[in-house]
There are 2 protein chains.
Amino acid sequence: MTLTGNMLIGQQAIAGNREAIRGIDPTTDLPLEPAYHGGSSEHVEQACALAWNALDSYRATSLEARAEFLETIASEIEALGDELIDRAVAETGLPRPRIQGERGRTCQQLRTFARTVRAGEWLDVRVDSALPERQPLPRPDLRQRQVPLGPVAVFGASNFPLAFSVAGGDTASALAAGCPVIVKAHGAHPGTSELVGRALARAVKLCGLHEGVFSLLFGSGREVGIALVTDPRIKAVGFTGSRSGGIALCNAAQARPEPIPVYAEMSSINPVLLFPAALQSRAEALAQGFVASLTQGAGQFCTNPGLVIARQGPDLERFIQSAAQLLQRSPAQTMLTPGIFKAYEAGVGALAEHAHAKTVAVGLKGETPNQCQTHLFVTQASEFLADTALQAEMFGAASLIVQCANDEQIRQVIEHLEGQLTATLHLDDADVESARALLPTLECKAGRLLVNGWPTGVEVCDAMVHGGPFPATSDARTTSVGTAAILRFLRPVCYQDFPDALLPAALKHGNPLQLRRLLDGQREA
Amino acid sequence: MTLTGNMLIGQQAIAGNREAIRGIDPTTDLPLEPAYHGGSSEHVEQACALAWNALDSYRATSLEARAEFLETIASEIEALGDELIDRAVAETGLPRPRIQGERGRTCQQLRTFARTVRAGEWLDVRVDSALPERQPLPRPDLRQRQVPLGPVAVFGASNFPLAFSVAGGDTASALAAGCPVIVKAHGAHPGTSELVGRALARAVKLCGLHEGVFSLLFGSGREVGIALVTDPRIKAVGFTGSRSGGIALCNAAQARPEPIPVYAEMSSINPVLLFPAALQSRAEALAQGFVASLTQGAGQFCTNPGLVIARQGPDLERFIQSAAQLLQRSPAQTMLTPGIFKAYEAGVGALAEHAHAKTVAVGLKGETPNQCQTHLFVTQASEFLADTALQAEMFGAASLIVQCANDEQIRQVIEHLEGQLTATLHLDDADVESARALLPTLECKAGRLLVNGWPTGVEVCDAMVHGGPFPATSDARTTSVGTAAILRFLRPVCYQDFPDALLPAALKHGNPLQLRRLLDGQREA
C-alpha cells in the first residue's frame with residue numbers, strides 16, 4: 001500500500017489545499033514522504049455534513065452490528081501488517097516492540113469496547129411502569145435510555161500514535177456510543193494516521209455503514225481544529241495534548257451558541273509519595289522502580305512520575321543517591337518530535353536555573369537529534385509551596401523531588417497540588433495509618449491512586465480511570481481509558497407513555513435485548 | 001416559630017449586612033416581614049470554609065447514615081406544619097393545595113434519594129482482579145467507585161419554592177452524592193427558605209453531622225452568587241432560572257483557574273406536535289388538554305407547552321377555535337413575583353406586536369396585581385423559520401401555534417428548534433409512521449419525549465429525565481429530577497493494588513456492602 005498524502009472525507013480520498021505537513025524521523029530530523037496538505041474549513045464543513053447525515057443510521061445500528069464494526073476495525077488495523085509498524089517507528093522514533101505492543105493494545109481496546117457494546121449496560125435502562133390508579137394523580141409509563149451525543153471531533157495525541165490517535169481510545173469509545181467521528185490527525189505521525197484511517201474507512205465499508213461515520217482530516221494551523229470545534233453539528237470533543245491547547249478548545253466550545261463538552265486530557269505530574277517505613281526498608285529498590293518508570297519511553301507518558309514527595313532524612317538521601325547513580329548511567333532516548341524535544345529542553349533548562357531547585361543527576365547525552373537526557377531535581381517543600389512554577393509539567397524523563405520537614409508539610413504539599421491523573425503511595429504496613437490520613441485529600445486530587453506500583457502503564461479495563469481534576473483533564477467526571485469511557489459520549493432520554501411500536505428496542509415492554517433493567521426501583525436479575 | 005431574617009452559616013444564624021430583600025405578597029404587592037439582609041463575600045467565605053471542612057467526614061458517612069439524614073430532612077420539613085404552607089402561599093401567590101402538594105413531592109423526593117443511596121448502585125463499583133501471571137505484563141488489581149465532586153452551590157428557583165429550592169432536587173441529589181451544599185435562596189421566597197433551611201440545619205444536628213454540610217445564604221445582587229461560583233472550594237453548581245442568569249454562571253465557572261461543572265436549567269418552550277389523525281379524531285379534546293396544561297399554575301413551569309406544531313387545515317382550525325374559546329374564559333392568575341409578571345407582559349406584548357404572529361385569544365383580565373392573562377398566538381412555519389425571536393420563552397401561560405404547510409415543513413420546524421426539556425406527540429395509530437420518522441430528530445432536541453400526554457407534571461422516579469440540550473440546560477448529560485440526578489455530583493476514582501485495609505468499604509475484597517459489582521467483566525447476581 002502506498003501512502004497518498006490524502007485526507008479521508010467519508011470514503012473519498014481528498015487532497016488538502018493548505019500548508020503541507022510532513023512526518024519527521026526524529027532520529028535524523030529528516031522529513032518523510034509524502035506531504036500531507038492541510039485541510040480547510042470547507043473540508044471540515046464536508047466532513048461534518050457527512051457525519052451529521054450518518055448519525056441517525058449509525059446510532060440505530062444494533063448492538064451486535066456496532067460491536068462487529070469495532071472488531072472489524074481491529075482486524076483491518078492488524079491487516080496493515082509491518083507497513084504500519086515501520087511507518088510508526090519512522091515517524092515517532094519509538095522502539096519497534098513498543099509500537100507492536102501499542103498496536104496490540106489498540107486492537108484489544110476496540111475489541112473490549114465491542115464486548116461493552118454487546119453487554120448493553122451502558123444503555124442504563126430504567127423503567128417506571130404506569131400506575132393508572134395512583135392517587136392523587138396516576139403515574140405515566142416512563143422509560144429511560146442513553147443516546148449518543150452526536151458527531152464527535154477527536155484530536156489525536158502525539159505520544160501514542162496508535163492507542164490515543166486515529167483509532168485510539170476516544171474514537172473507539174465514541175463509535176461504541178453510537179457517535180460518528182471526525183479525527184484531526186496529529187501532525188507528528190501523518191503516515192501512521194493515513195494507514196489507520198484507511199483501515200477504519202475500510203471497516204466502515206465492509207460493515208455497510210454510512211460513509212460519514214468516519215472522516216480523517218489534516219491541518220497544520222488552527223483552521224481545521226477551530227472549525228471542527230465550532231461546527232454546530234459537532235456535539236463533543238476528545239483531545240489529548242498540552243494544557244494551552246486543551247484550554248483553547250474548551251474556550252472555543254464554551255463560546256459556541258450551543259456550548260458542547262470537551263474532554264481534554266492535558267497536564268499531570270503524577271506525584272509519588274514515599275512513606276517512611278517503605279523508604280527505610282527499600283530505598284534502593286524504590287529508586288530502581290522509579291527510574292525505570294521515569295525513563296520508560298523517554299518519559300513521554302501522561303502518567304510519568306514527575307514529582308516525588310517524601311520526608312527528608314537519611315532514607316530519602318539513600319533514595320536520591322541510588323536514583324542519581326542509575327540516572328547518570330541512563331542512555332538518552334529519541335523524543336517524538338523536534339517540538340517536544342525543544343519544549344523538554346526549555347522545561348528542564350528553566351528548572352536547572354531555578355533558584356530553589358537543585359539538579360541532582362543528569363543522564364547520558366545523546367549523539368543524534370532530539371535526544372532526551374534524563375533529569376532529576378530536588379527542592380524543599382517550603383519552596384515548592386511558594387512557587388507554582390515548580391508544578392509545571394516537563395513532558396519527558398524529568399522529575400522533581402520535594403523534601404518535606406515533617407508530615408504536616410507533606411499534607412500541605414499534597415493540598416497545594418493541582419489536579420492529577422494519578423497519585424502513587426509507596427508504603428509498608430507501618431505506613432498504613434499515615435497513608436489513610438492522606439487518602440481523602442488524594443481522592444480529591446487524582447483519578448487513580450496506586451499503592452506500591454508505578455503510574456506508567458494504564459490498563460484498558462472496566463475499572464480504569466484515566467482522568468482527574470483540572471488541569472489533568474477538563475472534566476473529572478469521566479475517563480479516557482477503559483470501558484467507562486463510553487459514558488462520556490451519551491446523554492439520557494426519557495420516553496413517556498410511548499406505544500410499544502415506537503419504543504426503541506432497549507425499552508420495549510418485552511425487553512428483547514434482555515437487559516438487566518432498573519424496573520420499578522429493582523434491578524432485574 | 002418566628003422568622004428571624006437570618007442566614008444560616010452552618011448552625012449559626014447570621015444577619016446579612018447588605019441590601020435587604022423582603023418577600024412580596026404578589027396578590028397585593030405588599031412586602032412581608034421580616035427583612036432579609038443580603039450576605040457578603042465574607043459570608044460566602046465562611047460558608048465555603050465550613051463546607052470544605054465538612055467534606056471528608058460527610059462523604060465518609062455510611063449509606064445508611066446518609067439515607068437517614070435525607071429522611072430526617074423530610075420529617076423536619078413536615079414538622080414545620082402549616083407555618084410553612086402559610087408562608088409559601090403568602091410569598092408566591094400559589095394556591096394552597098399546590099403548595100401542599102409540592103411539600104409532599106419535596107419530602108417524597110428526599111425519601112426517594114434515601115432509597116437510592118441505600119441501594120448503592122450509584123457507586124458503580126467495577127473490579128478487575130489482579131492477573132499476576134499474565135503475559136507479557138501482569139495486570140494489577142484495579143477497583144473503581146464514584147466519589148462526590150465536593151461542596152456544591154445551589155441556586156433556588158422562583159417557581160418551586162419547595163421542590164426546586166432550599167431542600168429541592170439539586171440539594172437532595174448533591175447531599176445524596178456526599179456533597180456539602182450551600183444554598184443561595186431565591187429572593188422571591190426568603191421566609192419559606194428560612195423555614196426549610198432551619199429544618200435542614202436541625203436535621204444536620206439531629207444526625208450528628210458536621211455543621212458545614214449545609215448553609216443558607218441570601219443576596220440581592222451578584223455578590224453572593226459570583227463569590228459562590230468562583231470560590232475554589234465549590235466544585236459544582238446547580239441552578240434553575242433564566243437563560244441569561246444560567247449563562248452568566250456558566251461563564252463565571254469556566255473562567256475560574258479550575259473550571260467546574262454548572263448544571264443550569266434555563267429555557268424551554270416544550271413543543272407539542274399534533275399529528276393529522278389525532279387532530280382529526282379529537283381536536284376539541286386536544287384543545288381541552290392543551291389549555292389545562294398551559295394555564296396550570298399560571299403557566300409558570302419549565303415544561304409549559306409554549307409551542308404547538310401542526311399541519312394547517314380544517315382540523316387544526318377546530319383545535320385553534322376550541323382552544324381560543326376555552327382560553328377566553330380562563331381566569332387570570334397571580335404570578336409569582338412582580339418581576340416575573342413584568343417579564344411576561346413584555347414577552348406577550350412583543351409577540352402581540354410581531355408582524356408575523358397573530359393573537360388568537362386572550363384570557364380574562366385580573367383585578368389584582370400581577371395577574372397573568374393567558375395568551376395564544378399563531379404564526380406560519382415560514383415565519384417561524386425566519387425569525388428566532390419567535391422561539392423566545394415567555395414564562396407564563398402563553399403559547400404559539402406554528403401552522404405548517406406540509407410534513408416537510410414540520411420537519412424543518414423541528415430541526416430549527418433549540419434544545420428542549422420536553423417534546424410531546426399527539427398521535428393516533430395512523431400517525432405512528434409519521435411520528436417514527438421524526439423521532440431521531442426529536443431525541444436530539446429534547447430530554448423527555450411524551451406521547452398523548454402533556455409535559456407539565458414531572459414525576460420523581462428512576463426513569464425521569466428533566467434536562468436536555470442547550471439552552472434547555474447547560475449540560476444535557478444529566479437530569480435535575482429523578483434519582484439519576486445523583487450521578488451529576490460524582491466522579492470516578494480508581495484504586496490500584498490497594499491493600500484491603502486502605503480500600504473504602506464499597507471496594508473491599510469481601511464486598512461488605514453487598515453491591516452488585518462489575519467483577520472481571522461480569523455483573524454480579
# chains A, B, ... in the order shown; residues from 1 in each chain; ligands from 1

call {"tool": "select_by_dssp", "arguments": {"residues": "region 347-449 of chain A", "states": "strand (DSSP E or B)", "output": "ChimeraX atom specification"}}
result
/A:358-362,371-372,375-380,398-404,420-426,446-449

call {"tool": "write_last_selection", "arguments": {"atoms": "N, CA and C atoms", "output": "compact mmCIF listing (two decimals), in the first residue's frame"}}
result
# COMPACT_ATOMS: atom_id res chain seq x y z
N LYS A 358 17.56 22.19 42.81
CA LYS A 358 18.94 21.75 42.63
C LYS A 358 18.95 20.56 41.68
N THR A 359 19.87 20.56 40.73
CA THR A 359 19.99 19.41 39.85
C THR A 359 20.74 18.30 40.58
N VAL A 360 20.10 17.14 40.65
CA VAL A 360 20.68 16.00 41.36
C VAL A 360 21.42 15.07 40.40
N ALA A 361 20.89 14.88 39.25
CA ALA A 361 21.51 13.96 38.30
C ALA A 361 21.02 14.28 36.90
N VAL A 362 21.92 14.04 35.93
CA VAL A 362 21.59 14.19 34.52
C VAL A 362 22.04 12.92 33.83
N GLN A 371 17.52 14.04 21.41
CA GLN A 371 17.78 13.05 22.45
C GLN A 371 17.41 13.60 23.82
N CYS A 372 16.55 12.88 24.48
CA CYS A 372 16.11 13.26 25.82
C CYS A 372 17.13 12.80 26.85
N HIS A 375 16.64 13.95 33.64
CA HIS A 375 16.98 14.95 34.65
C HIS A 375 16.25 14.66 35.96
N LEU A 376 17.00 14.84 37.05
CA LEU A 376 16.36 14.73 38.38
C LEU A 376 16.76 15.96 39.19
N PHE A 377 15.74 16.57 39.78
CA PHE A 377 15.93 17.78 40.57
C PHE A 377 15.42 17.55 41.98
N VAL A 378 15.85 18.42 42.88
CA VAL A 378 15.34 18.36 44.24
C VAL A 378 15.04 19.78 44.71
N THR A 379 13.98 19.90 45.54
CA THR A 379 13.65 21.19 46.14
C THR A 379 13.10 20.94 47.54
N GLN A 380 12.93 22.04 48.27
CA GLN A 380 12.34 21.96 49.61
C GLN A 380 10.85 22.24 49.54
N ALA A 398 11.93 13.75 33.18
CA ALA A 398 12.44 14.64 34.22
C ALA A 398 11.50 14.59 35.41
N SER A 399 12.09 14.69 36.61
CA SER A 399 11.27 14.62 37.81
C SER A 399 11.88 15.51 38.89
N LEU A 400 11.02 15.91 39.81
CA LEU A 400 11.42 16.80 40.90
C LEU A 400 11.09 16.14 42.23
N ILE A 401 12.08 16.08 43.12
CA ILE A 401 11.86 15.53 44.46
C ILE A 401 11.61 16.68 45.43
N VAL A 402 10.51 16.59 46.18
CA VAL A 402 10.18 17.62 47.16
C VAL A 402 10.47 17.07 48.55
N GLN A 403 11.44 17.67 49.21
CA GLN A 403 11.81 17.23 50.56
C GLN A 403 10.97 17.97 51.59
N CYS A 404 10.31 17.20 52.44
CA CYS A 404 9.42 17.80 53.43
C CYS A 404 10.03 17.64 54.83
N GLN A 420 -4.58 15.83 39.20
CA GLN A 420 -3.65 14.87 38.63
C GLN A 420 -4.37 13.67 38.05
N LEU A 421 -3.73 13.02 37.09
CA LEU A 421 -4.23 11.74 36.60
C LEU A 421 -4.04 10.66 37.65
N THR A 422 -2.88 10.67 38.29
CA THR A 422 -2.55 9.61 39.25
C THR A 422 -1.87 10.20 40.48
N ALA A 423 -1.95 9.44 41.57
CA ALA A 423 -1.11 9.68 42.74
C ALA A 423 -0.69 8.32 43.26
N THR A 424 0.59 8.18 43.59
CA THR A 424 1.14 6.87 43.95
C THR A 424 1.65 6.91 45.39
N LEU A 425 1.36 5.84 46.13
CA LEU A 425 1.83 5.73 47.51
C LEU A 425 2.72 4.51 47.63
N HIS A 426 3.94 4.72 48.10
CA HIS A 426 4.78 3.58 48.43
C HIS A 426 4.82 3.46 49.94
N ALA A 446 -6.80 13.31 42.40
CA ALA A 446 -6.39 12.43 41.30
C ALA A 446 -7.48 11.44 40.93
N GLY A 447 -7.43 10.97 39.69
CA GLY A 447 -8.38 9.98 39.22
C GLY A 447 -7.99 8.55 39.52
N ARG A 448 -6.68 8.30 39.72
CA ARG A 448 -6.25 6.93 40.03
C ARG A 448 -5.21 6.99 41.13
N LEU A 449 -5.41 6.17 42.14
CA LEU A 449 -4.48 6.08 43.27
C LEU A 449 -3.85 4.70 43.25

call {"tool": "closest_atom_pairs", "arguments": {"of": "chain B", "to": "chain A", "cutoff": "6 Å", "atoms": "only C-alpha atoms", "output": "JSON lines"}}
result
{"residue": "B:Arg126", "atom": "CA", "partner": "A:Ala463", "partner_atom": "CA", "distance": 4.9}
{"residue": "B:Val127", "atom": "CA", "partner": "A:Ala463", "partner_atom": "CA", "distance": 5.6}
{"residue": "B:Leu142", "atom": "CA", "partner": "A:Ala463", "partner_atom": "CA", "distance": 5.8}
{"residue": "B:Arg143", "atom": "CA", "partner": "A:Ala463", "partner_atom": "CA", "distance": 5.3}
{"residue": "B:Gln144", "atom": "CA", "partner": "A:Ala463", "partner_atom": "CA", "distance": 4.9}
{"residue": "B:Glu258", "atom": "CA", "partner": "A:Phe470", "partner_atom": "CA", "distance": 5.8}
{"residue": "B:Gly447", "atom": "CA", "partner": "A:Val493", "partner_atom": "CA", "distance": 4.8}
{"residue": "B:Arg448", "atom": "CA", "partner": "A:Cys494", "partner_atom": "CA", "distance": 4.5}
{"residue": "B:Leu449", "atom": "CA", "partner": "A:Tyr495", "partner_atom": "CA", "distance": 5.0}
{"residue": "B:Leu450", "atom": "CA", "partner": "A:Gln496", "partner_atom": "CA", "distance": 4.6}
{"residue": "B:Val451", "atom": "CA", "partner": "A:Phe498", "partner_atom": "CA", "distance": 5.4}
{"residue": "B:Ala463", "atom": "CA", "partner": "A:Gln144", "partner_atom": "CA", "distance": 4.9}
{"residue": "B:Met464", "atom": "CA", "partner": "A:Cys494", "partner_atom": "CA", "distance": 6.0}
{"residue": "B:Val465", "atom": "CA", "partner": "A:Cys494", "partner_atom": "CA", "distance": 5.4}
{"residue": "B:Phe470", "atom": "CA", "partner": "A:Glu258", "partner_atom": "CA", "distance": 5.8}
{"residue": "B:Arg477", "atom": "CA", "partner": "A:Arg491", "partner_atom": "CA", "distance": 4.3}
{"residue": "B:Arg491", "atom": "CA", "partner": "A:Arg477", "partner_atom": "CA", "distance": 4.3}
{"residue": "B:Val493", "atom": "CA", "partner": "A:Gly447", "partner_atom": "CA", "distance": 4.8}
{"residue": "B:Cys494", "atom": "CA", "partner": "A:Arg448", "partner_atom": "CA", "distance": 4.5}
{"residue": "B:Tyr495", "atom": "CA", "partner": "A:Leu449", "partner_atom": "CA", "distance": 5.0}
{"residue": "B:Gln496", "atom": "CA", "partner": "A:Leu450", "partner_atom": "CA", "distance": 4.6}
{"residue": "B:Asp497", "atom": "CA", "partner": "A:Val451", "partner_atom": "CA", "distance": 5.6}
{"residue": "B:Phe498", "atom": "CA", "partner": "A:Val451", "partner_atom": "CA", "distance": 5.4}

call {"tool": "write_last_selection", "arguments": {"atoms": "N, CA and C atoms", "output": "PDB file, in the first residue's frame"}}
result
ATOM      1  N   ARG B 126     -16.648  -1.244  40.033  1.00  0.00           N
ATOM      2  CA  ARG B 126     -16.053  -2.057  38.972  1.00  0.00           C
ATOM      3  C   ARG B 126     -14.753  -2.636  39.505  1.00  0.00           C
ATOM      4  N   VAL B 127     -14.568  -3.919  39.367  1.00  0.00           N
ATOM      5  CA  VAL B 127     -13.362  -4.577  39.873  1.00  0.00           C
ATOM      6  C   VAL B 127     -12.734  -5.393  38.749  1.00  0.00           C
ATOM      7  N   LEU B 142      -7.443  -3.645  40.089  1.00  0.00           N
ATOM      8  CA  LEU B 142      -7.982  -2.306  39.825  1.00  0.00           C
ATOM      9  C   LEU B 142      -9.435  -2.246  40.262  1.00  0.00           C
ATOM     10  N   ARG B 143      -9.787  -1.222  41.028  1.00  0.00           N
ATOM     11  CA  ARG B 143     -11.135  -1.094  41.573  1.00  0.00           C
ATOM     12  C   ARG B 143     -11.609   0.351  41.421  1.00  0.00           C
ATOM     13  N   GLN B 144     -12.797   0.510  40.916  1.00  0.00           N
ATOM     14  CA  GLN B 144     -13.330   1.852  40.701  1.00  0.00           C
ATOM     15  C   GLN B 144     -14.609   2.062  41.490  1.00  0.00           C
ATOM     16  N   GLU B 258      -9.675  26.799  38.105  1.00  0.00           N
ATOM     17  CA  GLU B 258     -10.140  25.415  37.946  1.00  0.00           C
ATOM     18  C   GLU B 258     -11.619  25.465  37.547  1.00  0.00           C
ATOM     19  N   GLY B 447     -34.927  16.157  26.201  1.00  0.00           N
ATOM     20  CA  GLY B 447     -34.599  15.148  27.197  1.00  0.00           C
ATOM     21  C   GLY B 447     -35.735  14.188  27.500  1.00  0.00           C
ATOM     22  N   ARG B 448     -36.975  14.627  27.254  1.00  0.00           N
ATOM     23  CA  ARG B 448     -38.124  13.750  27.511  1.00  0.00           C
ATOM     24  C   ARG B 448     -39.105  13.873  26.364  1.00  0.00           C
ATOM     25  N   LEU B 449     -39.519  12.723  25.855  1.00  0.00           N
ATOM     26  CA  LEU B 449     -40.491  12.677  24.765  1.00  0.00           C
ATOM     27  C   LEU B 449     -41.764  12.038  25.298  1.00  0.00           C
ATOM     28  N   LEU B 450     -42.910  12.676  25.007  1.00  0.00           N
ATOM     29  CA  LEU B 450     -44.182  12.169  25.525  1.00  0.00           C
ATOM     30  C   LEU B 450     -45.114  11.863  24.374  1.00  0.00           C
ATOM     31  N   VAL B 451     -45.907  10.821  24.544  1.00  0.00           N
ATOM     32  CA  VAL B 451     -46.954  10.515  23.582  1.00  0.00           C
ATOM     33  C   VAL B 451     -48.307  10.671  24.270  1.00  0.00           C
ATOM     34  N   ALA B 463     -36.678   6.785  36.084  1.00  0.00           N
ATOM     35  CA  ALA B 463     -36.575   6.935  34.627  1.00  0.00           C
ATOM     36  C   ALA B 463     -36.732   8.371  34.154  1.00  0.00           C
ATOM     37  N   MET B 464     -37.046   9.296  35.057  1.00  0.00           N
ATOM     38  CA  MET B 464     -37.285  10.674  34.627  1.00  0.00           C
ATOM     39  C   MET B 464     -36.004  11.311  34.077  1.00  0.00           C
ATOM     40  N   VAL B 465     -36.170  12.093  33.009  1.00  0.00           N
ATOM     41  CA  VAL B 465     -35.111  12.999  32.558  1.00  0.00           C
ATOM     42  C   VAL B 465     -35.719  14.400  32.521  1.00  0.00           C
ATOM     43  N   PHE B 470     -28.805  22.312  25.186  1.00  0.00           N
ATOM     44  CA  PHE B 470     -28.776  23.766  25.351  1.00  0.00           C
ATOM     45  C   PHE B 470     -29.789  24.419  24.430  1.00  0.00           C
ATOM     46  N   ARG B 477     -26.116  15.977  29.631  1.00  0.00           N
ATOM     47  CA  ARG B 477     -25.709  14.629  30.033  1.00  0.00           C
ATOM     48  C   ARG B 477     -26.334  14.197  31.349  1.00  0.00           C
ATOM     49  N   ARG B 491     -17.743  11.671  40.584  1.00  0.00           N
ATOM     50  CA  ARG B 491     -16.676  11.404  39.616  1.00  0.00           C
ATOM     51  C   ARG B 491     -16.029  10.078  39.996  1.00  0.00           C
ATOM     52  N   VAL B 493     -13.090   7.303  40.761  1.00  0.00           N
ATOM     53  CA  VAL B 493     -11.698   7.163  41.207  1.00  0.00           C
ATOM     54  C   VAL B 493     -11.340   5.677  41.153  1.00  0.00           C
ATOM     55  N   CYS B 494     -10.147   5.403  40.666  1.00  0.00           N
ATOM     56  CA  CYS B 494      -9.656   4.028  40.557  1.00  0.00           C
ATOM     57  C   CYS B 494      -8.570   3.791  41.602  1.00  0.00           C
ATOM     58  N   TYR B 495      -8.637   2.649  42.256  1.00  0.00           N
ATOM     59  CA  TYR B 495      -7.670   2.260  43.295  1.00  0.00           C
ATOM     60  C   TYR B 495      -6.893   1.056  42.776  1.00  0.00           C
ATOM     61  N   GLN B 496      -5.588   1.219  42.651  1.00  0.00           N
ATOM     62  CA  GLN B 496      -4.760   0.166  42.053  1.00  0.00           C
ATOM     63  C   GLN B 496      -3.916  -0.504  43.122  1.00  0.00           C
ATOM     64  N   ASP B 497      -4.067  -1.807  43.245  1.00  0.00           N
ATOM     65  CA  ASP B 497      -3.261  -2.625  44.165  1.00  0.00           C
ATOM     66  C   ASP B 497      -3.326  -2.127  45.608  1.00  0.00           C
ATOM     67  N   PHE B 498      -4.487  -1.649  46.009  1.00  0.00           N
ATOM     68  CA  PHE B 498      -4.631  -1.197  47.389  1.00  0.00           C
ATOM     69  C   PHE B 498      -4.730  -2.385  48.329  1.00  0.00           C
TER      70      PHE B 498
END

call {"tool": "select_by_dssp", "arguments": {"residues": "region 135-228 of chain A", "states": "alpha helix (DSSP H)", "output": "number ranges by chain"}}
result
A: 169-177, 190-206, 223-228

call {"tool": "residues_around", "arguments": {"residues": "Arg198 (chain A)", "least_positions_apart": "3", "cutoff": "12 Å", "atoms": "only C-alpha atoms", "output": "PyMOL selection string"}}
result
chain A and resi 1-13+73+76-77+79-80+84+166-167+191-195+201-205+214-217

call {"tool": "closest_residue", "arguments": {"among": "A:Leu175, A:Ala381, A:Ala352, A:Leu316", "to": "Leu63 (chain A)", "atoms": "only C-alpha atoms"}}
result
A:Leu175

call {"tool": "closest_residue", "arguments": {"among": "B:Gln46, B:Thr456, B:Gln108, B:Thr28", "to": "Asp231 (chain B)", "atoms": "only C-alpha atoms"}}
result
B:Gln46

call {"tool": "atom_distance", "arguments": {"atom1": "CA of Gln135 (chain B)", "atom2": "CA of Val460 (chain A)"}}
result
14.8 Å

call {"tool": "atom_distance", "arguments": {"atom1": "CA of Thr27 (chain A)", "atom2": "CA of Gly169 (chain A)"}}
result
27.4 Å

call {"tool": "closest_residue", "arguments": {"among": "B:Leu364, B:Val272, B:Val481, B:Ala386", "to": "Ser293 (chain B)", "atoms": "only C-alpha atoms"}}
result
B:Val272

call {"tool": "closest_residue", "arguments": {"among": "A:Gly187, A:Gly39, A:Pro180, A:Gly297", "to": "Thr337 (chain A)", "atoms": "only C-alpha atoms"}}
result
A:Gly187

call {"tool": "residues_around", "arguments": {"residues": "Glu408 (chain B)", "least_positions_apart": "5", "cutoff": "12 Å", "atoms": "only C-alpha atoms", "output": "VMD selection string"}}
result
chain B and resid 310 to 311 381 to 382 413 to 415 434 437 to 438

call {"tool": "write_last_selection", "arguments": {"atoms": "all heavy atoms", "output": "short mmCIF file (atom, residue, chain, number, x, y, z; two decimals), in the first residue's frame"}}
result
data_model
loop_
_atom_site.label_atom_id
_atom_site.label_comp_id
_atom_site.auth_asym_id
_atom_site.auth_seq_id
_atom_site.Cartn_x
_atom_site.Cartn_y
_atom_site.Cartn_z
N ALA B 310 -48.31 21.95 13.97
CA ALA B 310 -49.26 21.06 13.28
C ALA B 310 -49.43 21.51 11.84
O ALA B 310 -49.07 22.63 11.47
CB ALA B 310 -50.61 21.07 14.00
N ARG B 311 -50.00 20.59 11.04
CA ARG B 311 -50.27 20.91 9.65
C ARG B 311 -51.53 21.75 9.59
O ARG B 311 -52.53 21.45 10.25
CB ARG B 311 -50.44 19.60 8.85
CG ARG B 311 -49.97 19.72 7.42
CD ARG B 311 -49.75 18.35 6.83
NE ARG B 311 -51.02 17.63 6.75
CZ ARG B 311 -51.10 16.32 6.45
NH1 ARG B 311 -50.01 15.61 6.24
NH2 ARG B 311 -52.26 15.74 6.38
N ALA B 381 -45.21 28.55 9.55
CA ALA B 381 -43.91 27.90 9.67
C ALA B 381 -42.81 28.72 8.99
O ALA B 381 -41.70 28.86 9.52
CB ALA B 381 -43.96 26.49 9.07
N SER B 382 -43.13 29.28 7.83
CA SER B 382 -42.10 30.04 7.11
C SER B 382 -41.62 31.23 7.95
O SER B 382 -40.44 31.56 7.95
CB SER B 382 -42.66 30.53 5.76
OG SER B 382 -43.89 31.21 5.98
N VAL B 413 -39.32 22.75 10.90
CA VAL B 413 -39.57 23.49 12.14
C VAL B 413 -38.91 22.77 13.32
O VAL B 413 -38.27 23.39 14.17
CB VAL B 413 -41.08 23.67 12.36
CG1 VAL B 413 -41.37 24.11 13.80
CG2 VAL B 413 -41.64 24.68 11.37
N ILE B 414 -39.03 21.45 13.35
CA ILE B 414 -38.43 20.70 14.46
C ILE B 414 -36.91 20.81 14.41
O ILE B 414 -36.26 21.03 15.44
CB ILE B 414 -38.89 19.22 14.40
CG1 ILE B 414 -40.38 19.16 14.69
CG2 ILE B 414 -38.10 18.37 15.39
CD1 ILE B 414 -40.98 17.80 14.47
N GLU B 415 -36.35 20.69 13.22
CA GLU B 415 -34.89 20.80 13.13
C GLU B 415 -34.40 22.20 13.51
O GLU B 415 -33.27 22.36 13.97
CB GLU B 415 -34.42 20.44 11.72
CG GLU B 415 -34.50 18.95 11.49
CD GLU B 415 -33.97 18.52 10.14
OE1 GLU B 415 -33.62 19.40 9.33
OE2 GLU B 415 -33.92 17.30 9.90
N SER B 434 -45.50 8.45 10.68
CA SER B 434 -45.02 9.85 10.59
C SER B 434 -44.24 10.20 11.84
O SER B 434 -43.20 10.88 11.77
CB SER B 434 -46.19 10.82 10.46
OG SER B 434 -47.09 10.40 9.49
N ALA B 437 -40.70 8.71 11.94
CA ALA B 437 -39.72 9.40 11.08
C ALA B 437 -39.12 10.62 11.79
O ALA B 437 -38.00 11.02 11.49
CB ALA B 437 -40.39 9.83 9.78
N LEU B 438 -39.87 11.20 12.71
CA LEU B 438 -39.38 12.40 13.39
C LEU B 438 -38.60 12.09 14.67
O LEU B 438 -37.92 12.95 15.21
CB LEU B 438 -40.56 13.33 13.72
CG LEU B 438 -41.27 13.94 12.52
CD1 LEU B 438 -42.50 14.72 12.98
CD2 LEU B 438 -40.33 14.86 11.74
#

call {"tool": "atom_distance", "arguments": {"atom1": "CA of Ala357 (chain B)", "atom2": "CA of Asn159 (chain B)"}}
result
27.6 Å

call {"tool": "residues_around", "arguments": {"residues": "Thr240 (chain A)", "least_positions_apart": "2", "cutoff": "9 Å", "atoms": "only C-alpha atoms", "output": "ChimeraX atom specification"}}
result
/A:154-158,164-165,238,242,245-246,263-266,473

call {"tool": "residues_around", "arguments": {"residues": "Ser220 (chain B)", "least_positions_apart": "5", "cutoff": "12 Å", "atoms": "only C-alpha atoms", "output": "list in words"}}
result
Gly16, Asn17, Arg18, Glu19, Ala20, Ile21, Arg22, Gly23, Ala35, Tyr36, His37, Gly38, Gly39, Ser40, Lys184, Ala185, His186, Gly187, Ala188, Pro190, Gly225 and Ile226 of chain B

call {"tool": "residues_around", "arguments": {"residues": "Arg282 (chain B)", "least_positions_apart": "3", "cutoff": "12 Å", "atoms": "only C-alpha atoms", "output": "PyMOL selection string"}}
result
chain B and resi 274-279+285-289+315-316+318-319+322+426-428+452
